[in-house]
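K.L.:
Please read through the structure below; I'll follow up with questions.
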Amino acid sequence: MSPMADPTSRAGTTYVSQEIIAWTNRVHASHDPSLQAAFDTPAMTGIPAIMVGESEGKLLSMLVAMIRAKKVVEIGTLAGYSAIQLARGVGLGGRVWSIENDPKHAELARENVRTAGLGAIITVEVGAGLEVLPRLQAHGPFDAVFIDADKANYDEYGRWAAANVRPGGLLLGDNAFLFGKLLEDSPTAAAMRRFHEEARAAFETVCIPTPDGLLLGVRR
Ligand SMILES: C[S@@+](CC[C@H](N)C(=O)[O-])C[C@H]1O[C@@H](n2cnc3c(N)ncnc32)[C@H](O)[C@@H]1O
């Protein structure tokens, strides 16, 4: 029976399990050794394992490929897993500038980028997003911006993206549900809600219900 035909089903019902996610990841988003190395780096080195999931990583890669993106900015590199996915989407001749403020994370990411043979595409910029973004502006306009760093600044990052993404380009924001705290009364939740609302003004938007929400916008 389809969910629609089930009189007990309703919005919010979930049909997924860890087993289903693992199986579909294996079928659709399996890793080659370079992706696996970047994915495993947090567990191997003790930095937080807070990268996007396999399916979300593959989605990032496919989305930038679908719009034939050549210039992408990422805020929040960690060990380079999503940067590698984005770089594979843009392909040879493309550029991914990925911003990371923790020098240890940046160093691990650079190593993974080198091992993946993507040094000509990915540049890891060390520094705080709000300090590095103005320096990148000269390379714009950009085809896509992926935001996956400090949540309290998502509204600022979204504004920068609105000013620097070309028409038809993409805004991508991970953790758009703010770990379930989006509607709480806190400065970070308020910033995240502003991110949603302001994004909607400049982009055609949807919030995809991935485990923690992925905001997707297409620049008008
Ligand atoms: C969720 S992780 C990024 C995961 C990565 N996008 C992936 O999926 O592989 C967030 C990263 O943002 C970095 N970060 C936090 N605040 C930042 C800031 N203000 N500017 C730049 N990077 C920041 C953290 O050090 C961390 O490595």
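Numbering starts fresh at 1 for the residues of each chain in the structure tokens, the chains themselves are lettered A, B, ... in the order given, and ligands are numbered from 1 as they appear.
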Within 9 Å of ligand 1, which residues show up when you count only C-alpha atoms and all ligand atoms? List them as a PyMOL selection string, please.
P.N.:
chain A and resi 38-39+47-53+56-57+74-85+98-106+109+125-132+146-153+174-175
K.L.:
Dump N, CA and C atoms for the selected residues as a compact mmCIF listing (two decimals), in the first residue's frame?
P.N.:
```txt
# COMPACT_ATOMS: atom_id res chain seq x y z
N ALA A 38 38.55 10.07 3.40
CA ALA A 38 38.10 11.35 3.98
C ALA A 38 36.97 11.11 4.97
N PHE A 39 36.10 10.17 4.65
CA PHE A 39 34.98 9.87 5.53
C PHE A 39 35.46 9.26 6.85
N ILE A 47 38.99 13.75 15.57
CA ILE A 47 38.22 15.00 15.39
C ILE A 47 36.74 14.61 15.27
N PRO A 48 35.81 15.56 15.46
CA PRO A 48 34.39 15.18 15.47
C PRO A 48 33.93 14.60 14.12
N ALA A 49 33.15 13.53 14.19
CA ALA A 49 32.64 12.89 12.97
C ALA A 49 31.32 13.55 12.60
N ILE A 50 31.41 14.77 12.06
CA ILE A 50 30.21 15.57 11.80
C ILE A 50 30.09 15.93 10.32
N MET A 51 30.66 15.06 9.47
CA MET A 51 30.51 15.30 8.03
C MET A 51 29.10 14.91 7.58
N VAL A 52 28.74 15.34 6.38
CA VAL A 52 27.45 14.95 5.82
C VAL A 52 27.43 13.43 5.63
N GLY A 53 26.23 12.87 5.54
CA GLY A 53 26.11 11.43 5.28
C GLY A 53 26.44 11.10 3.83
N GLU A 56 23.83 12.37 1.28
CA GLU A 56 23.84 13.82 1.17
C GLU A 56 25.09 14.26 0.39
N GLY A 57 26.22 13.59 0.65
CA GLY A 57 27.45 13.90 -0.08
C GLY A 57 27.26 13.67 -1.57
N GLU A 74 32.56 26.47 -0.22
CA GLU A 74 32.05 25.68 0.92
C GLU A 74 32.53 26.37 2.20
N ILE A 75 31.65 26.48 3.18
CA ILE A 75 32.04 27.01 4.50
C ILE A 75 31.93 25.85 5.48
N GLY A 76 33.07 25.37 5.98
CA GLY A 76 33.11 24.20 6.87
C GLY A 76 33.65 22.98 6.16
N THR A 77 34.99 22.79 6.24
CA THR A 77 35.66 21.72 5.48
C THR A 77 35.73 20.41 6.24
N LEU A 78 36.00 20.49 7.55
CA LEU A 78 36.34 19.33 8.39
C LEU A 78 37.49 18.59 7.72
N ALA A 79 37.30 17.32 7.35
CA ALA A 79 38.42 16.56 6.76
C ALA A 79 38.32 16.46 5.24
N GLY A 80 37.42 17.25 4.65
CA GLY A 80 37.40 17.34 3.19
C GLY A 80 36.43 16.40 2.49
N TYR A 81 35.60 15.68 3.26
CA TYR A 81 34.70 14.72 2.59
C TYR A 81 33.73 15.42 1.63
N SER A 82 33.00 16.42 2.11
CA SER A 82 32.04 17.07 1.21
C SER A 82 32.76 17.89 0.13
N ALA A 83 33.95 18.41 0.45
CA ALA A 83 34.71 19.16 -0.57
C ALA A 83 35.06 18.22 -1.74
N ILE A 84 35.43 16.99 -1.41
CA ILE A 84 35.77 16.02 -2.47
C ILE A 84 34.52 15.70 -3.30
N GLN A 85 33.39 15.55 -2.62
CA GLN A 85 32.13 15.29 -3.36
C GLN A 85 31.83 16.47 -4.29
N SER A 98 37.15 25.93 -0.09
CA SER A 98 36.53 25.41 1.12
C SER A 98 37.17 26.07 2.34
N ILE A 99 36.35 26.66 3.19
CA ILE A 99 36.84 27.47 4.31
C ILE A 99 36.76 26.69 5.62
N GLU A 100 37.87 26.67 6.35
CA GLU A 100 37.93 25.93 7.61
C GLU A 100 38.73 26.73 8.63
N ASN A 101 38.16 26.94 9.83
CA ASN A 101 38.91 27.78 10.78
C ASN A 101 39.77 26.98 11.76
N ASP A 102 39.67 25.67 11.75
CA ASP A 102 40.51 24.87 12.64
C ASP A 102 41.71 24.35 11.83
N PRO A 103 42.94 24.82 12.17
CA PRO A 103 44.10 24.45 11.35
C PRO A 103 44.34 22.94 11.28
N LYS A 104 43.99 22.22 12.36
CA LYS A 104 44.18 20.76 12.32
C LYS A 104 43.23 20.12 11.30
N HIS A 105 41.97 20.56 11.31
CA HIS A 105 41.02 20.03 10.33
C HIS A 105 41.50 20.36 8.91
N ALA A 106 41.96 21.60 8.74
CA ALA A 106 42.40 22.04 7.41
C ALA A 106 43.57 21.19 6.92
N ALA A 109 42.32 17.83 5.90
CA ALA A 109 41.58 17.96 4.64
C ALA A 109 42.54 18.07 3.46
N GLU A 125 40.94 27.07 2.46
CA GLU A 125 41.28 28.40 3.00
C GLU A 125 41.15 28.33 4.52
N VAL A 126 42.23 28.63 5.23
CA VAL A 126 42.16 28.56 6.70
C VAL A 126 41.75 29.92 7.26
N GLY A 127 40.69 29.90 8.07
CA GLY A 127 40.23 31.14 8.69
C GLY A 127 38.74 31.05 8.97
N ALA A 128 38.25 32.07 9.66
CA ALA A 128 36.82 32.12 9.96
C ALA A 128 36.04 32.50 8.70
N GLY A 129 34.91 31.87 8.51
CA GLY A 129 34.10 32.12 7.31
C GLY A 129 33.91 33.60 7.03
N LEU A 130 33.53 34.35 8.05
CA LEU A 130 33.21 35.76 7.83
C LEU A 130 34.43 36.59 7.45
N GLU A 131 35.63 36.09 7.82
CA GLU A 131 36.85 36.82 7.43
C GLU A 131 37.31 36.42 6.04
N VAL A 132 37.13 35.14 5.69
CA VAL A 132 37.66 34.65 4.41
C VAL A 132 36.74 35.01 3.24
N PHE A 146 27.90 26.14 -0.40
CA PHE A 146 27.45 25.12 0.55
C PHE A 146 27.86 25.55 1.95
N ILE A 147 26.88 25.72 2.82
CA ILE A 147 27.13 26.21 4.19
C ILE A 147 27.01 25.04 5.16
N ASP A 148 28.11 24.79 5.91
CA ASP A 148 28.11 23.66 6.85
C ASP A 148 29.08 23.97 7.99
N ALA A 149 28.98 25.17 8.57
CA ALA A 149 29.90 25.56 9.65
C ALA A 149 29.10 26.08 10.84
N ASP A 150 29.64 27.07 11.56
CA ASP A 150 29.00 27.60 12.77
C ASP A 150 27.59 28.11 12.47
N LYS A 151 26.65 27.56 13.21
CA LYS A 151 25.23 27.78 12.89
C LYS A 151 24.77 29.22 13.21
N ALA A 152 25.44 29.86 14.16
CA ALA A 152 25.02 31.21 14.56
C ALA A 152 25.24 32.22 13.46
N ASN A 153 26.08 31.88 12.46
CA ASN A 153 26.36 32.82 11.37
C ASN A 153 25.69 32.44 10.05
N ASP A 174 23.37 22.93 5.22
CA ASP A 174 23.14 21.72 6.02
C ASP A 174 22.72 22.11 7.43
N ASN A 175 22.15 21.16 8.14
CA ASN A 175 21.67 21.36 9.53
C ASN A 175 20.61 22.45 9.61
```
K.L.:
Pull the alpha helix (DSSP H) assignments for stretch 41-193 of chain A out of DSSP run on the backbone, and list those residues as a PyMOL selection string.
P.N.:
chain A and resi 41-45+54-66+81-90+103-115+129-136+154-164+187-193
K.L.:
DSSP on the backbone: what in stretch 7-182 of chain A comes out strand (DSSP E or B), as a ChimeraX atom specification?
P.N.:
/A:71-75,95-100,122-126,142-147,165-174
K.L.:
Can you pull out every residue within 10 Å of stretch 160-166 of chain A, counting only C-alpha atoms, but drop anything in the same chain fewer than 5 positions away, and send it as a PyMOL selection string?
P.N.:
chain A and resi 71-73+130+133-134+136-147+154-155+171-172+198-199+201-203+217-220
K.L.:
Name all residues at most 12 Å from A:Ala191 (count only C-alpha atoms; drop same-chain ones fewer than 2 positions away) and give them as an MDAnalysis selection string.
P.N.:
chainID A and resid 150:159 176:178 181:189 193:199
K.L.:
If you count only C-alpha atoms, which residues fall within 9 Å of A:Arg88, apart from same-chain ones fewer than 6 positions away, as a list in words?
P.N.:
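Once the adjacent positions are removed, what remains is Ser61, Met62, Ala65 and Leu118 of chain A.
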K.L.:
Keeping only C-alpha atoms, write the selected residues to a file as a compact mmCIF listing (two decimals), in the first residue's frame.
P.N.:
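The resulting selection.txt:
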```
# COMPACT_ATOMS: atom_id res chain seq x y z
CA SER A 61 28.03 16.17 -6.08
CA MET A 62 25.05 15.53 -8.37
CA ALA A 65 27.11 18.61 -11.76
CA LEU A 118 42.04 16.99 -6.43
```
K.L.:
Any idea what the distance is between atom CA of A:Arg200 and atom CA of A:Leu215?
P.N.:
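Distance reported for this atom pair: 9.9 Å.
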K.L.:
To one decimal place, how far is atom CA of A:Gly173 from atom CA of A:Ala190 in Å?
P.N.:
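Interatomic distance, atom CA of A:Gly173 to atom CA of A:Ala190: 15.4 Å.
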K.L.:
So, with only C-alpha atoms as the atoms that count, which of A:Thr45, A:Gly119, A:Leu216, A:Arg135 lies closest to A:Leu60?
P.N.:
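Among the listed residues, the smallest separation from A:Leu60 belongs to A:Leu216.
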K.L.:
Under the rule that only C-alpha atoms are counted, which of A:Asp212, A:Met44, A:Ala116, A:Gly169 is the nearest residue to A:Arg68?
P.N.:
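The closest residue to A:Arg68 is A:Gly169.
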K.L.:
One decimal, Å: what's the distance from atom CA of A:Phe179 over to atom CA of A:Thr210, could you say?
P.N.:
11.2 Å
